[in-house]
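Below is one structure, written out as structure tokens; comments come after it.
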Amino acid sequence: MNTSAGTSAGTSAGTSSDASTGASAGATEGPDDERLRRWRLVLGGGEADGTGRALTGTDAAMDRALAELYGRAPRGADGRGRDRSGGLGGSAPSVARWLGDIRTYFPSSVVQVMQRDAIDRLGLAALLLEPEMLEAVEADVHLVGTLLSLDKAMPETTRETARAVVRKVVDDLEKRLATRTRATLTGALDRSARISRPRHRDIDWDRTIRANLKNYLPEHRTVVPERLVGHGRASRAVRKEVVLCIDQSGSMAASVVYASVFGAVLASMRSIATRLVVFDTAVVDLTERLDDPVDVLFGTRLGGGTDINRALAYCQARIGRPADTVVVLISDLYEGGIRDEMLKRVAAMKASGVQFVALLALSDEGAPAYDREHAAALAALGVPAFACTPDLFPEIMAAALEKRPLPIPTV
């Protein structure tokens with residue numbers, strides 16, 4: 001059994017059981033019985049089970065749903081799995097029934113894990129090309145990544161359904177991320193426009209006190225503020241430029257989704273000029289599509305090689321005001337281009353005043369496999385490479401815009 005996802009699904013089944021599940025388990029069961037029930041759902045029965053627990057009712061139905069996915073070994077290089085029990089096969093009706101079952105028995109977060117495992121373990125991605133199947137799945141970031149990777153193989157009858165699924169996920173992400181992002185970056189832009197003669201309500205008292213500590217009068221226990229530091233009023237003119245340079249290799253699918261949403265949010269702010277560039281061995285500028293992140297996503301091409309140097313050369317050539325520009329490279333740093341040239345470009349951009357940020361991932365999953373040698377080389381240039389969650393990204397951008405140390409997460 002898949003111990004990570006299977007354990008997650010089994011444990012969640014035990015913790016989120018409803019009245020019918022409780023009836024199946026027995027209303028008068030003690031802690032030991034409930035523990036055995038959960039272990040039986042996790043272990044899946046068979047000789048190695050050891051619980052001696054039989055399942056009935058809803059618990060038995062949940063167990064069948066788990067066994068159909070985790071009761072067989074993952075596919076090998078030859079595409080074959082070693083059957084132990086159950087199995088979804090290649091039948092669309094049986095998969096549709098199974099998708100309905102898991103949505104009945106498990107919470108949404110577990111359904112998404114099981115769907116992802118079904119696609120990875122059983123090779124069911126081709127079934128997503130059927131509109132009826134797409135309508136049955138639980139939409140999430142990983143499903144969007146899978147659909148984007150299938151885009152070229154997608155028939156016209158499925159394309160509109162796929163676009164609707166992607167639209168739903170993107171709209172949900174934008175609702176969750178946009179307000180905080182705009183608020184955080186607006187504050188950062190205001191603070192970056194310091195003025196020396198602010199009006200009273202615009203005074204930044206923390207910075208003013210720090211700037212005047214030398215004027216402390218011990219006998220009066222006070223600081224004489226000879227120099228006031230204040231927040232400038234936000235200008236309607238563009239004052240900062242942000243370049244998102246995104247690796248669209250297959251391993252970066254979730255990062256591409258989140259970066260496209262953030263790109264659209266940044267582009268909606270008048271005081272930030274945003275450019276979005278995606279790359280593999282070729283470079284594609286999707287800036288003109290930023291008013292609709294779904295268009296951005298369908299303009300990407302997940303998979304293929306990686307030429308970071310070529311992408312950075314394109315971005316570097318379009319920087320007009322280095323001191324007011326933030327470049328965000330989102331990549332696992334597996335460079336297929338010229339390594340030394342890539343590092344020279346990063347060093348040249350930093351020397352010109354560009355704030356350079358390197359993110360190994362922009363997702364909720366932590367750091368992926370990445371090129372540690374290249375990450376160390378960037379760190380030596382003063383550009384630490386780290387994974388960033390969507391919730392942290394606004395703070396990262398705010399720090400970059402204000403030219404202060406980045407709030408790098410600790411591992």
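Identifiers for the structure tokens are assigned positionally: chains receive A, B, ... in sequence, residues are indexed from 1 per chain, and ligands are indexed from 1 in the order shown.
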
Test item: residues at most 7 Å from range 59-65 of chain A, only C-alpha atoms, excluding those fewer than 2 positions along its chain, as a PyMOL selection string: chain A and resi 21+24+41+44+55-57+67-69+98+101-102+105

File dump, residues just selected, C-alpha atoms, as a compact mmCIF listing (two decimals), in the first residue's frame:
# COMPACT_ATOMS: atom_id res chain seq x y z
CA THR A 21 -19.50 5.43 9.82
CA SER A 24 -20.65 0.85 11.33
CA LEU A 41 -8.41 0.92 7.27
CA GLY A 44 -5.91 -2.76 4.14
CA LEU A 55 -15.31 -4.14 8.51
CA THR A 56 -18.96 -3.69 7.67
CA GLY A 57 -21.24 -1.00 6.28
CA ALA A 67 -8.12 -1.02 -2.03
CA GLU A 68 -9.03 -0.15 -5.62
CA LEU A 69 -6.26 2.45 -5.59
CA TRP A 98 -14.83 5.38 -7.75
CA ASP A 101 -17.34 6.99 -3.82
CA ILE A 102 -14.26 8.77 -2.51
CA TYR A 105 -16.47 8.91 2.12

- Query: So which bits of range 133-234 of chain A end up alpha helix (DSSP H) when you DSSP the backbone, as a VMD selection string?
  - Reply: chain A and resid 133 to 136 141 to 149 156 to 192 205 to 211

- Query: Which polymer residues have any atom within 9 Å of an atom of Trp205 in chain A, counting only C-alpha atoms, with same-chain residues fewer than 4 positions away left out, as a PyMOL selection string?
  - Reply: chain A and resi 209-210+228-230

How would the residues just chosen look if you wrote them out with C-alpha atoms as a PDB file, in the first residue's frame?
ATOM      1  CA  ILE A 209      12.928  57.429  16.965  1.00  0.00           C
ATOM      2  CA  ARG A 210      15.726  55.170  15.709  1.00  0.00           C
ATOM      3  CA  LEU A 228      11.322  63.198  10.862  1.00  0.00           C
ATOM      4  CA  VAL A 229      10.942  60.076   8.712  1.00  0.00           C
ATOM      5  CA  GLY A 230       7.595  59.542   7.039  1.00  0.00           C
TER       6      GLY A 230
END

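Restricting the calculation to only C-alpha atoms, the smallest distance between Asp247 in chain A and any of A:Arg345, A:Arg227, A:Arg310, A:Arg289 is found for A:Arg310.
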
Which residues come within 8 Å of range 347-350 of chain A, counting only C-alpha atoms, excluding same-chain residues fewer than 4 positions away, as an mmCIF file with C-alpha atoms, in the first residue's frame?
data_model
loop_
_atom_site.group_PDB
_atom_site.id
_atom_site.type_symbol
_atom_site.label_atom_id
_atom_site.label_comp_id
_atom_site.auth_asym_id
_atom_site.auth_seq_id
_atom_site.Cartn_x
_atom_site.Cartn_y
_atom_site.Cartn_z
ATOM 1 C CA GLN A 316 17.943 41.351 -18.535
ATOM 2 C CA PRO A 322 17.550 48.350 -12.559
ATOM 3 C CA LEU A 343 25.743 33.096 -12.908
ATOM 4 C CA VAL A 354 18.328 44.766 -9.473
ATOM 5 C CA GLN A 355 16.799 42.934 -6.505
ATOM 6 C CA PHE A 356 17.140 39.260 -7.474
ATOM 7 C CA LEU A 381 26.427 35.852 -5.048
#

message = From the options A:Ala367, A:Ala164, A:Leu378, A:Gly187, which residue's atoms come nearest to Met342 in chain A, counting only C-alpha atoms?
response =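 Closest to Met342 in chain A of all the choices is A:Leu378.
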
Exercise. Can you work out which one of A:Phe262, A:Tyr334, A:Tyr70, A:Trp39 has the shortest atom-to-atom distance to Asp391 in chain A, counting only C-alpha atoms?
Key: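 Looking only at the distances to Asp391 in chain A, the closest residue turns out to be A:Phe262.
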
Write out as a PyMOL selection string each polymer residue whose atoms come within 12 Å of Ala361 in chain A, counting only C-alpha atoms; drop sequence neighbours fewer than 6 positions from it.
-> chain A and resi 246-249+251-259+328-333+367-370+385-390+392-393

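Excluding Leu129 in chain A itself and same-chain residues fewer than 5 positions from it, the residues having an atom within 10 Å of it are Leu124, Leu134, Leu147, Leu150, Asp151, Ala153, Met154, Pro155, Glu156, Thr157, Thr158, Arg159, Thr161 and Ala162 of chain A, counting only C-alpha atoms.
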
Using only C-alpha atoms, determine which residues lie at most 8 Å from Gly353 in chain A, disregarding the query and same-chain residues fewer than 5 positions distant; provide the list as a PDB file with N, CA and C atoms, in the first residue's frame.
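Generated file (part-v3.pdb):
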ATOM      1  N   PRO A 322      17.087  49.429 -13.443  1.00  0.00           N
ATOM      2  CA  PRO A 322      17.550  48.350 -12.559  1.00  0.00           C
ATOM      3  C   PRO A 322      17.298  48.614 -11.086  1.00  0.00           C
ATOM      4  N   ALA A 323      17.524  49.834 -10.632  1.00  0.00           N
ATOM      5  CA  ALA A 323      17.379  50.132  -9.200  1.00  0.00           C
ATOM      6  C   ALA A 323      15.938  49.998  -8.731  1.00  0.00           C
ATOM      7  N   ASP A 324      14.993  50.005  -9.645  1.00  0.00           N
ATOM      8  CA  ASP A 324      13.578  49.900  -9.288  1.00  0.00           C
ATOM      9  C   ASP A 324      12.976  48.582  -9.758  1.00  0.00           C
ATOM     10  N   THR A 325      13.815  47.577  -9.993  1.00  0.00           N
ATOM     11  CA  THR A 325      13.338  46.322 -10.572  1.00  0.00           C
ATOM     12  C   THR A 325      13.622  45.144  -9.645  1.00  0.00           C
TER      13      THR A 325
END

inquiry  = I need the strand (DSSP E) residues of range 61-282 of chain A per DSSP on the backbone, written as a ChimeraX atom specification.
reply    = /A:216-217,222-223,240-247,272-279

How would the residues just chosen look if you wrote them out with N, CA and C atoms as an mmCIF file, in the first residue's frame?
data_model
loop_
_atom_site.group_PDB
_atom_site.id
_atom_site.type_symbol
_atom_site.label_atom_id
_atom_site.label_comp_id
_atom_site.auth_asym_id
_atom_site.auth_seq_id
_atom_site.Cartn_x
_atom_site.Cartn_y
_atom_site.Cartn_z
ATOM 1 N N TYR A 216 18.935 61.734 22.424
ATOM 2 C CA TYR A 216 18.239 61.373 23.662
ATOM 3 C C TYR A 216 18.703 62.262 24.809
ATOM 4 N N LEU A 217 17.745 62.821 25.584
ATOM 5 C CA LEU A 217 18.046 63.666 26.743
ATOM 6 C C LEU A 217 17.702 62.888 28.010
ATOM 7 N N THR A 222 13.624 61.651 27.116
ATOM 8 C CA THR A 222 12.933 61.819 25.846
ATOM 9 C C THR A 222 13.939 61.948 24.710
ATOM 10 N N VAL A 223 13.452 61.781 23.502
ATOM 11 C CA VAL A 223 14.251 61.939 22.290
ATOM 12 C C VAL A 223 13.777 63.187 21.574
ATOM 13 N N LYS A 240 7.796 50.783 -9.575
ATOM 14 C CA LYS A 240 8.567 49.549 -9.453
ATOM 15 C C LYS A 240 8.245 48.622 -10.614
ATOM 16 N N GLU A 241 9.226 47.819 -10.975
ATOM 17 C CA GLU A 241 9.034 46.826 -12.022
ATOM 18 C C GLU A 241 9.325 45.444 -11.445
ATOM 19 N N VAL A 242 8.472 44.473 -11.770
ATOM 20 C CA VAL A 242 8.644 43.101 -11.302
ATOM 21 C C VAL A 242 8.672 42.188 -12.516
ATOM 22 N N VAL A 243 9.688 41.330 -12.580
ATOM 23 C CA VAL A 243 9.812 40.346 -13.657
ATOM 24 C C VAL A 243 9.719 38.956 -13.033
ATOM 25 N N LEU A 244 8.693 38.201 -13.405
ATOM 26 C CA LEU A 244 8.552 36.816 -12.961
ATOM 27 C C LEU A 244 9.076 35.920 -14.079
ATOM 28 N N CYS A 245 10.140 35.189 -13.801
ATOM 29 C CA CYS A 245 10.795 34.326 -14.790
ATOM 30 C C CYS A 245 10.597 32.877 -14.338
ATOM 31 N N ILE A 246 9.724 32.145 -15.036
ATOM 32 C CA ILE A 246 9.206 30.890 -14.502
ATOM 33 C C ILE A 246 9.640 29.699 -15.347
ATOM 34 N N ASP A 247 10.268 28.755 -14.700
ATOM 35 C CA ASP A 247 10.660 27.477 -15.302
ATOM 36 C C ASP A 247 9.392 26.636 -15.509
ATOM 37 N N ILE A 272 2.950 48.997 -10.022
ATOM 38 C CA ILE A 272 3.913 47.945 -10.358
ATOM 39 C C ILE A 272 3.735 47.573 -11.828
ATOM 40 N N ALA A 273 4.816 47.633 -12.588
ATOM 41 C CA ALA A 273 4.806 47.142 -13.964
ATOM 42 C C ALA A 273 5.301 45.701 -13.931
ATOM 43 N N THR A 274 4.462 44.762 -14.344
ATOM 44 C CA THR A 274 4.764 43.337 -14.196
ATOM 45 C C THR A 274 5.016 42.695 -15.552
ATOM 46 N N ARG A 275 6.063 41.906 -15.619
ATOM 47 C CA ARG A 275 6.361 41.111 -16.818
ATOM 48 C C ARG A 275 6.410 39.649 -16.396
ATOM 49 N N LEU A 276 5.778 38.775 -17.173
ATOM 50 C CA LEU A 276 5.798 37.342 -16.871
ATOM 51 C C LEU A 276 6.379 36.592 -18.058
ATOM 52 N N VAL A 277 7.456 35.856 -17.772
ATOM 53 C CA VAL A 277 8.190 35.114 -18.808
ATOM 54 C C VAL A 277 8.265 33.657 -18.379
ATOM 55 N N VAL A 278 7.903 32.732 -19.271
ATOM 56 C CA VAL A 278 8.062 31.301 -18.993
ATOM 57 C C VAL A 278 9.108 30.747 -19.945
ATOM 58 N N PHE A 279 9.761 29.676 -19.499
ATOM 59 C CA PHE A 279 10.836 29.139 -20.341
ATOM 60 C C PHE A 279 11.015 27.651 -20.115
#

Exercise for review: Quote the spacing between CA of Gly145 in chain A and CA of Leu302 in chain A in Å to one decimal place.
Suggested key: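 Between CA of Gly145 in chain A and CA of Leu302 in chain A the gap works out to 8.0 Å.
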
Atomic separation - CA of Pro407 in chain A relative to CA of Ala351 in chain A, Å: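 Pair CA of Ala351 in chain A / CA of Pro407 in chain A returns 21.8 Å.
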
* For Ser94 in chain A, the nearest of the candidates A:Leu173, A:Ala183, A:Met133, A:Ile119, counting only C-alpha atoms ->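 Result for the nearest residue to Ser94 in chain A: A:Met133.
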